[in-house]
Structure formats: C-alpha cells, structure tokens
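Note: the block below is data.cif and it holds mmCIF, C-alpha atoms and all ligand atoms.
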```cif
data_coords
#
loop_
_atom_site.label_atom_id
_atom_site.label_comp_id
_atom_site.auth_asym_id
_atom_site.auth_seq_id
_atom_site.Cartn_x
_atom_site.Cartn_y
_atom_site.Cartn_z
CA MET A 1 37.75 -20.02 17.44
CA SER A 2 35.13 -22.02 15.58
CA PHE A 3 31.61 -23.20 16.19
CA TRP A 4 33.01 -26.61 17.18
CA SER A 5 35.11 -25.20 19.94
CA PHE A 6 31.96 -23.61 21.27
CA LEU A 7 30.27 -27.04 21.41
CA LEU A 8 33.27 -28.65 23.09
CA ASN A 9 33.71 -26.02 25.75
CA PRO A 10 30.96 -23.41 25.75
CA ASP A 11 32.10 -21.64 28.94
CA ARG A 12 35.62 -21.10 27.71
CA TRP A 13 34.41 -20.03 24.27
CA ILE A 14 32.02 -17.47 25.73
CA SER A 15 34.45 -16.06 28.26
CA SER A 16 37.30 -15.78 25.75
CA HIS A 17 35.00 -14.09 23.24
CA ILE A 18 33.65 -11.70 25.81
CA LYS A 19 37.15 -10.86 27.02
CA ARG A 20 38.47 -10.39 23.50
CA GLY A 21 35.40 -8.42 22.47
CA ILE A 22 35.55 -6.10 25.45
CA ARG A 23 39.27 -5.57 25.16
CA GLN A 24 38.96 -4.68 21.48
CA ALA A 25 35.83 -2.65 21.87
CA VAL A 26 37.23 -0.63 24.75
CA PHE A 27 40.94 -0.44 24.04
CA GLY A 28 41.47 -1.50 20.42
CA ASP A 29 40.30 1.72 18.81
CA LEU A 30 41.79 3.97 21.44
CA ILE A 31 45.22 2.35 21.37
CA ALA A 32 45.28 2.28 17.56
CA GLU A 33 44.32 5.93 17.18
CA TYR A 34 46.61 7.01 19.96
CA LYS A 35 49.58 5.17 18.49
CA GLY A 36 49.05 6.68 15.03
CA ALA A 37 48.69 10.22 16.35
CA ARG A 38 51.56 9.74 18.77
CA GLY A 39 53.81 8.56 15.92
CA GLU A 40 53.28 11.78 14.03
CA SER A 41 53.59 14.16 16.95
CA ARG A 42 56.73 12.35 18.10
CA VAL A 43 58.24 12.81 14.65
CA SER A 44 57.55 16.53 14.76
CA ARG A 45 59.14 16.77 18.23
CA ILE A 46 62.29 14.97 17.01
CA VAL A 47 62.40 17.25 13.98
CA GLY A 48 62.17 20.27 16.28
CA ARG A 49 65.13 19.10 18.35
CA ALA A 50 67.22 18.19 15.29
CA CYS A 51 66.84 21.59 13.58
CA THR A 52 68.85 23.83 15.81
CA ASP A 53 69.22 26.84 13.53
CA THR A 54 66.95 29.59 14.83
CA THR A 55 65.62 30.48 11.39
CA ALA A 56 64.34 26.96 10.61
CA VAL A 57 60.62 26.70 9.92
CA SER A 58 58.57 23.53 10.48
CA ILE A 59 55.12 23.01 8.95
CA ASN A 60 52.91 20.02 9.78
CA ASP A 61 50.14 18.65 7.57
CA LEU A 62 50.72 20.91 4.63
CA TYR A 63 48.28 20.69 1.71
CA LEU A 64 49.72 21.93 -1.57
CA PRO A 65 47.90 22.31 -4.87
CA TRP A 66 48.85 20.38 -7.96
CA PRO A 67 48.59 22.20 -11.28
CA ASP A 68 45.73 19.80 -12.18
CA GLY A 69 43.61 20.69 -9.13
CA ARG A 70 44.47 17.75 -6.88
CA THR A 71 46.26 18.27 -3.57
CA ALA A 72 49.40 16.78 -2.05
CA GLN A 73 49.39 16.20 1.71
CA ILE A 74 52.82 16.56 3.29
CA ASP A 75 53.17 15.21 6.85
CA ASN A 76 56.14 17.35 7.83
CA LEU A 77 58.04 19.99 5.94
CA ILE A 78 61.09 21.76 7.31
CA ILE A 79 62.81 24.69 5.70
CA ALA A 80 66.23 25.13 7.27
CA GLU A 81 69.68 26.46 6.54
CA SER A 82 70.56 22.96 5.29
CA GLY A 83 67.70 22.85 2.77
CA ILE A 84 64.12 21.61 2.55
CA TYR A 85 63.20 18.38 4.37
CA VAL A 86 60.11 16.56 3.14
CA ILE A 87 59.09 13.96 5.71
CA GLU A 88 56.56 11.20 5.18
CA VAL A 89 55.50 9.32 8.32
CA LYS A 90 54.55 5.65 7.95
CA ASN A 91 52.94 3.83 10.87
CA TYR A 92 53.28 0.38 9.34
CA LYS A 93 54.05 -2.54 11.62
CA GLY A 94 55.57 -5.84 10.51
CA TRP A 95 58.06 -6.73 7.82
CA ILE A 96 58.68 -4.31 4.98
CA PHE A 97 60.09 -5.29 1.58
CA GLY A 98 60.71 -2.76 -1.17
CA ASN A 99 63.00 -1.29 -3.77
CA GLU A 100 63.23 2.38 -4.74
CA ASN A 101 62.44 1.43 -8.35
CA ASN A 102 59.36 -0.73 -7.69
CA GLN A 103 55.90 0.72 -7.92
CA TYR A 104 54.67 -1.23 -4.90
CA TRP A 105 56.22 -2.42 -1.66
CA THR A 106 55.10 -5.32 0.53
CA GLN A 107 54.15 -5.44 4.18
CA ILE A 108 53.83 -8.75 6.00
CA LEU A 109 51.94 -8.35 9.21
CA SER A 110 51.18 -10.99 11.81
CA THR A 111 47.53 -10.84 12.84
CA GLY A 112 48.36 -12.26 16.27
CA PHE A 113 45.61 -14.74 15.52
CA ARG A 114 46.50 -18.45 15.06
CA GLY A 115 49.88 -17.45 13.66
CA GLU A 116 48.28 -16.06 10.50
CA SER A 117 49.78 -13.17 8.63
CA ILE A 118 48.50 -10.58 6.21
CA LYS A 119 50.36 -9.59 3.08
CA ASN A 120 49.66 -6.03 2.02
CA ARG A 121 50.75 -4.05 -0.97
CA LEU A 122 51.65 -0.43 -0.38
CA TYR A 123 52.45 2.25 -2.91
CA ASN A 124 56.21 2.84 -2.91
CA PRO A 125 56.58 5.62 -0.28
CA ILE A 126 59.71 6.97 -1.99
CA ARG A 127 57.69 7.56 -5.15
CA GLN A 128 54.91 9.05 -3.06
CA ASN A 129 57.33 11.49 -1.44
CA ASN A 130 58.96 12.21 -4.82
CA SER A 131 55.57 13.34 -6.08
CA HIS A 132 55.28 15.64 -3.03
CA ILE A 133 58.73 17.03 -3.83
CA TYR A 134 57.74 17.54 -7.46
CA CYS A 135 54.70 19.46 -6.23
CA ILE A 136 56.88 21.61 -3.95
CA ARG A 137 59.21 22.40 -6.87
CA LYS A 138 56.21 23.36 -9.04
CA ASN A 139 55.09 25.77 -6.33
CA LEU A 140 58.63 27.14 -5.83
CA LYS A 141 59.51 27.87 -9.42
CA GLY A 142 63.25 28.09 -9.87
CA TYR A 143 64.29 26.60 -6.49
CA LYS A 144 67.88 25.34 -6.80
CA GLY A 145 68.68 24.33 -3.20
CA PRO A 146 68.78 20.82 -1.73
CA ILE A 147 65.62 18.84 -0.96
CA HIS A 148 65.93 15.87 1.41
CA SER A 149 63.35 13.11 1.21
CA LEU A 150 62.83 11.26 4.50
CA ILE A 151 60.48 8.30 4.88
CA VAL A 152 60.10 7.60 8.59
CA PHE A 153 58.77 4.20 9.59
CA SER A 154 57.68 3.39 13.15
CA ASP A 155 60.07 1.27 15.18
CA GLU A 156 57.43 -1.48 15.10
CA ALA A 157 58.26 -2.01 11.43
CA GLU A 158 61.23 -4.14 10.38
CA PHE A 159 63.01 -3.54 7.08
CA LYS A 160 63.62 -6.95 5.53
CA ASP A 161 64.78 -5.98 2.07
CA VAL A 162 64.55 -2.25 1.46
CA THR A 163 66.82 -0.82 -1.23
CA VAL A 164 67.47 2.89 -1.74
CA ASN A 165 69.75 4.19 -4.52
CA SER A 166 69.32 7.97 -4.58
CA SER A 167 71.65 9.96 -2.37
CA ASN A 168 69.06 12.43 -1.03
CA VAL A 169 66.51 9.75 -0.08
CA TYR A 170 66.44 8.20 3.39
CA VAL A 171 64.21 5.35 4.52
CA LEU A 172 64.66 5.05 8.26
CA TYR A 173 63.22 4.12 11.62
CA GLN A 174 61.84 6.82 13.85
CA SER A 175 64.54 6.11 16.43
CA ASN A 176 67.22 7.07 13.86
CA LEU A 177 65.55 10.26 12.70
CA TYR A 178 67.39 12.60 15.04
CA ARG A 179 70.84 11.24 14.08
CA VAL A 180 70.11 11.28 10.33
CA MET A 181 68.77 14.82 10.46
CA ARG A 182 71.84 16.00 12.37
CA GLU A 183 74.08 14.42 9.71
CA ILE A 184 72.20 16.11 6.86
CA ASN A 185 72.31 19.34 8.85
CA ASP A 186 76.09 19.18 9.14
CA ALA A 187 76.64 18.19 5.51
CA TYR A 188 74.42 20.89 3.97
CA LYS A 189 74.96 23.76 6.41
CA GLY A 190 74.72 27.19 4.79
CA SER A 191 72.69 26.11 1.76
CA LEU A 192 69.90 28.62 2.38
CA SER A 193 70.04 32.14 3.78
CA GLU A 194 67.56 33.56 6.28
CA GLU A 195 65.89 35.54 3.48
CA GLU A 196 65.60 32.47 1.25
CA ILE A 197 63.98 30.46 4.09
CA ALA A 198 61.43 33.23 4.65
CA ASP A 199 60.78 33.52 0.92
CA ILE A 200 60.18 29.75 0.50
CA ARG A 201 57.88 29.69 3.51
CA GLY A 202 55.90 32.63 2.14
CA LYS A 203 55.45 31.03 -1.28
CA LEU A 204 54.32 27.69 0.20
CA MET A 205 51.90 29.31 2.65
CA ILE A 206 50.30 31.31 -0.17
CA ALA A 207 49.96 28.12 -2.24
CA ALA A 208 48.50 26.23 0.77
CA ALA A 209 45.99 29.01 1.46
CA GLY A 210 44.50 28.36 -1.97
CA VAL A 211 43.89 24.71 -1.03
CA ASN A 212 42.46 25.44 2.40
CA SER A 213 39.80 27.69 0.94
CA SER A 214 38.33 24.61 -0.72
CA ASN A 215 37.86 23.03 2.67
CA HIS A 216 35.77 20.14 1.51
CA THR A 217 38.51 18.60 -0.62
CA ALA A 218 40.92 18.85 2.30
CA GLN A 219 38.45 17.11 4.62
CA VAL A 220 37.85 14.26 2.20
CA LYS A 221 41.61 13.91 1.80
CA GLN A 222 42.00 13.81 5.56
CA GLN A 223 39.37 11.08 5.93
CA ILE A 224 41.02 8.97 3.26
CA ALA A 225 44.39 9.47 4.96
CA GLU A 226 42.93 8.34 8.31
CA LYS A 227 41.56 5.17 6.74
CA GLU A 228 44.87 4.44 5.07
CA LYS A 229 46.65 4.87 8.39
CA ARG A 230 44.38 2.28 10.00
CA LEU A 231 45.05 -0.18 7.18
CA GLU A 232 48.80 0.38 7.61
CA ARG A 233 48.43 -0.99 11.13
CA GLY A 234 46.25 -3.95 10.15
CA LEU A 235 43.14 -2.29 11.54
CA CYS A 236 39.62 -1.96 10.21
CA PRO A 237 39.37 1.39 8.39
CA ARG A 238 35.73 1.70 9.42
CA CYS A 239 35.92 1.13 13.18
CA GLY A 240 39.61 0.71 14.12
CA ALA A 241 39.36 -2.86 15.50
CA PRO A 242 41.98 -5.38 14.31
CA LEU A 243 41.42 -7.18 11.02
CA VAL A 244 41.56 -10.98 11.01
CA VAL A 245 41.94 -13.57 8.25
CA ARG A 246 38.68 -15.36 7.50
CA THR A 247 37.64 -18.06 5.06
CA ALA A 248 34.58 -17.61 2.87
CA LYS A 249 32.04 -20.33 3.71
CA LYS A 250 29.65 -19.99 0.79
CA GLY A 251 29.20 -18.35 -2.57
CA VAL A 252 31.49 -18.40 -5.59
CA ASN A 253 34.50 -17.59 -3.39
CA ALA A 254 33.91 -20.40 -0.87
CA GLY A 255 37.18 -21.61 0.60
CA SER A 256 39.16 -18.49 -0.29
CA GLN A 257 40.56 -16.22 2.40
CA PHE A 258 39.78 -12.59 2.99
CA LEU A 259 40.30 -9.99 5.69
CA GLY A 260 37.38 -9.19 7.94
CA CYS A 261 36.79 -6.94 10.91
CA SER A 262 37.20 -8.76 14.24
CA ARG A 263 34.04 -7.01 15.45
CA TYR A 264 31.87 -8.87 12.97
CA PRO A 265 28.82 -8.89 12.96
CA GLU A 266 28.71 -5.37 14.48
CA CYS A 267 31.09 -4.23 11.74
CA ARG A 268 30.90 -5.90 8.34
CA TYR A 269 34.03 -4.51 6.74
CA THR A 270 35.85 -6.98 4.48
CA ARG A 271 38.79 -6.67 2.16
CA ASN A 272 40.47 -8.96 -0.37
CA ILE A 273 43.89 -10.29 0.47
CA ASN A 274 46.23 -9.18 -2.27
ZN ZN B 301 35.32 -2.76 11.75
#
```
Just give me the structure of the file as structure tokens.
Ligand SMILES: [Zn+2]
Amino acid sequence: MSFWSFLLNPDRWISSHIKRGIRQAVFGDLIAEYKGARGESRVSRIVGRACTDTTAVSINDLYLPWPDGRTAQIDNLIIAESGIYVIEVKNYKGWIFGNENNQYWTQILSTGFRGESIKNRLYNPIRQNNSHIYCIRKNLKGYKGPIHSLIVFSDEAEFKDVTVNSSNVYVLYQSNLYRVMREINDAYKGSLSEEEIADIRGKLMIAAAGVNSSNHTAQVKQQIAEKEKRLERGLCPRCGAPLVVRTAKKGVNAGSQFLGCSRYPECRYTRNIN
C-alpha cells in the first residue's frame, strides 16, 4: 500500500497496517521459526520409524571436520544395516527448478503481496550433500558400503523441473520420505553388520568431538545456518518477518526492485533480487 492510498482512505490504511504489523510482529516470527524447527524434527521422527533394524543409529546435527579445517553440518545421518543415509532437510516453499549437474537451482516464491514473486538462487543441494558425503568418506577411510543421499524438501515446495541422474540420490518431499526409506531398506538389506555399524558410529563420533571442542566455529556455523533457513522461506534473516519486493525511490538504483523486510523501518534489512 502506498502513500496515495493513505491519502484516499486514511482509516483503512491505518487499520490494515496495524493489523498486518501486529500479525507479523506477534505471529510471523513464531510461526516461521516453529515451522522450520518442526520440519527438521518431523524428518527425524519419520527416519526413526523407517529404520526398523534394532542396530540402526541416527545422529542429528552432526558437525564433521574437513581436512582443511572447515566443518560440514549434516542434518541427519543414519547408519543402518542397509548403509549410511545422509539427509539434508530443505524448508523451501514455492516452485523449485534444478538439475543435478547445475551449480545453482532456482526457487520462485510468491510473496503473497500484490501477486509479486521472488526469484532466489540456491546452491545445488545435491552438490551440497555430495560434499557432506565426501567429508564422511574422508573421515571413514576405506568405507566400501552404500551411501544414500536424500534431499528432503518440505511439502510446501513444488518441484517444477528437478532432474536427478545418479542412482543413489533422491530428491523428495517430506511426505514421501518414509516410503523411499523403506524401499532403500529393502533393496540394501544386509549391507552392514552390527560390528560395522558400531565401528562407523565410533569413528564419526570421534571426528565430531574434535569439531565440538572448537565451539565457537560451530556456533557461527549454526547462526549462518539459521539465517539461511529463514531466507529459504522468504523471511528476513535478521528478524524473521516476511520479505517483500520494494522499488528503490532514489539514488543510483532508483526504479530497480529489491527485497526488504516488511517490518521496515524497525528492521532495515535489504537484499538484492538475483
Ligand atoms: Zn527484518
């Protein structure tokens, strides 16, 4: 709503702004955070139900060291009779376009504001998970068993043109996770023995302990991950309120569009539209 609509109908302008402001201030952040956290805990519950072998081990939020000192954050890792499952949870809403071979994928998200949409670029999550898998292999020297890469999108996302070529890579909706995991389970049953599962777990926990001792790095990583999760949902990374499309009024960029926090001027976060 513009300045002109305020002049034409000040009462309506004020009441709609107050309503929108209050709703976002009170519920926007809470709902956004809750949905993100709920997405991840729901995934770990589904994983728990799908892995029926008693020796299976599930680890959430695992930080593993890279040889070069960086860390890889793995949302969910399962070590089961049917192999190692590396699960990456994506809370993106909207339309998703992407090919396994591209470096970047595209998200098109409706802002719910005057029919405008945001086009976002996201790093190819298959490549991201491949780098996690590479890191796991580095830490498990000589591992020969199967590794399954699962990229789990929320059911609020819609795959428009997503192409996967590799046989051990799955890009799926959360609601299909249970079925897909059961299928992998059946196909790869007996790949790992009880001793092998325990051995892998031990090696990874020792590697992770090295990362956790440098707590600061892990915290910074966590904060960056939180901000990325907000952006995935079209929310302000600073305060969690929805982002809206705005047009620059002055300066060298006058007339061009950018993303701004809907709580402006309380929050001044802006971002270029790419
Ligand atoms: Zn904000």
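Of note, CA of Ile151 (chain A) and CA of Thr54 (chain A) are spaced 24.4 Å apart.
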Within 7 Å of Gly190 (chain A), counting only C-alpha atoms, which residues show up once you throw out same-chain ones fewer than 2 positions away? Write them as a tab-separated table (two decimals) with C-alpha atoms, in the coordinates of the input, please.
```tsv
chain	number	residue	atom	x	y	z
A	81	GLU	CA	69.68	26.46	6.54
A	82	SER	CA	70.56	22.96	5.29
A	188	TYR	CA	74.42	20.89	3.97
A	192	LEU	CA	69.90	28.62	2.38
A	193	SER	CA	70.04	32.14	3.78
```
Determine, counting all atoms listed in the file, which protein, DNA and RNA residues have an atom within 8 Å of an atom of region 262-273 of chain A; residues of the same chain fewer than 2 positions away are not included. Present the result as a VMD selection string. chain A and resid 21 25 118 to 120 236 238 to 239 241 to 244 257 to 260
Here CA of Ala198 (chain A) and CA of Arg49 (chain A) stand apart by 20.0 Å
Skipping near chain neighbours, those fewer than 3 positions away, what residues fall within 7 Å of Glu88 (chain A) using all atoms listed in the file, listed as a PyMOL selection string? chain A and resi 74-76+129+150-152
Residue with smallest distance to Lys203 (chain A) - pool A:Met181, A:Ile224, A:Leu64, A:Ile147, counting only C-alpha atoms: A:Leu64
Would you please work out which residue, of A:Val171, A:Leu235, A:Ile197, A:Ile126, is nearest to Gly83 (chain A) when using all atoms listed in the file? A:Ile197
Judged by only C-alpha atoms and all ligand atoms, the minimum distance to ligand ZN 301 (chain B) among A:Ala248, A:Ser41, A:Ile79, A:Lys227 is found for A:Lys227
Sorted by chain and rising residue number, which residues of region 152-257 of chain A lie within 12 Å of region 132-139 of chain A, and what are their closest atom pairs and distances in Å to one decimal, counting only C-alpha atoms, as a tab-separated table?
```
residue	atom	partner	partner_atom	distance
A:Asn168	CA	A:Ile133	CA	11.6
A:Val169	CA	A:Ile133	CA	11.3
A:Ile200	CA	A:Asn139	CA	9.4
A:Arg201	CA	A:Asn139	CA	11.0
A:Gly202	CA	A:Asn139	CA	10.9
A:Lys203	CA	A:Asn139	CA	7.3
A:Leu204	CA	A:Asn139	CA	6.8
A:Met205	CA	A:Asn139	CA	10.2
A:Ile206	CA	A:Asn139	CA	9.6
A:Ala207	CA	A:Asn139	CA	7.0
A:Ala208	CA	A:Asn139	CA	9.7
A:Gly210	CA	A:Asn139	CA	11.7
```
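Interatomic distance, CA of Ser256 (chain A) against CA of Pro237 (chain A): 21.7 Å.
Those residues that approach Trp95 (chain A) to within 7 Å, counting all atoms listed in the file, are A:Gln107, A:Ile108, A:Leu109, A:Ala157, A:Glu158, A:Phe159, A:Lys160; same-chain residues fewer than 4 positions away are not listed.
Each of A:Ala56, A:Val86, A:Leu122, A:Leu172 was checked against Pro146 (chain A) using all atoms listed in the file; the smallest atom-to-atom distance is that of A:Val86.
Closest approach to ligand ZN 301 (chain B) from the set A:Leu62, A:Cys261, A:Gln174, A:Arg230 is made by A:Cys261, with distances taken over all atoms listed in the file.
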Could you please give me, as JSON, numbers by chain, the residues of protein, DNA or RNA lying at most 6 Å from (62.3, 20.2, 9.1) in the coordinate frame of the file, considering only C-alpha atoms? {"A": [47, 58, 77, 78, 79, 85]}
Residue among A:Gly251, A:Gly240, A:Ala187, A:Asn124 lying closest to ligand ZN 301 (chain B), counting all atoms listed in the file: A:Gly240
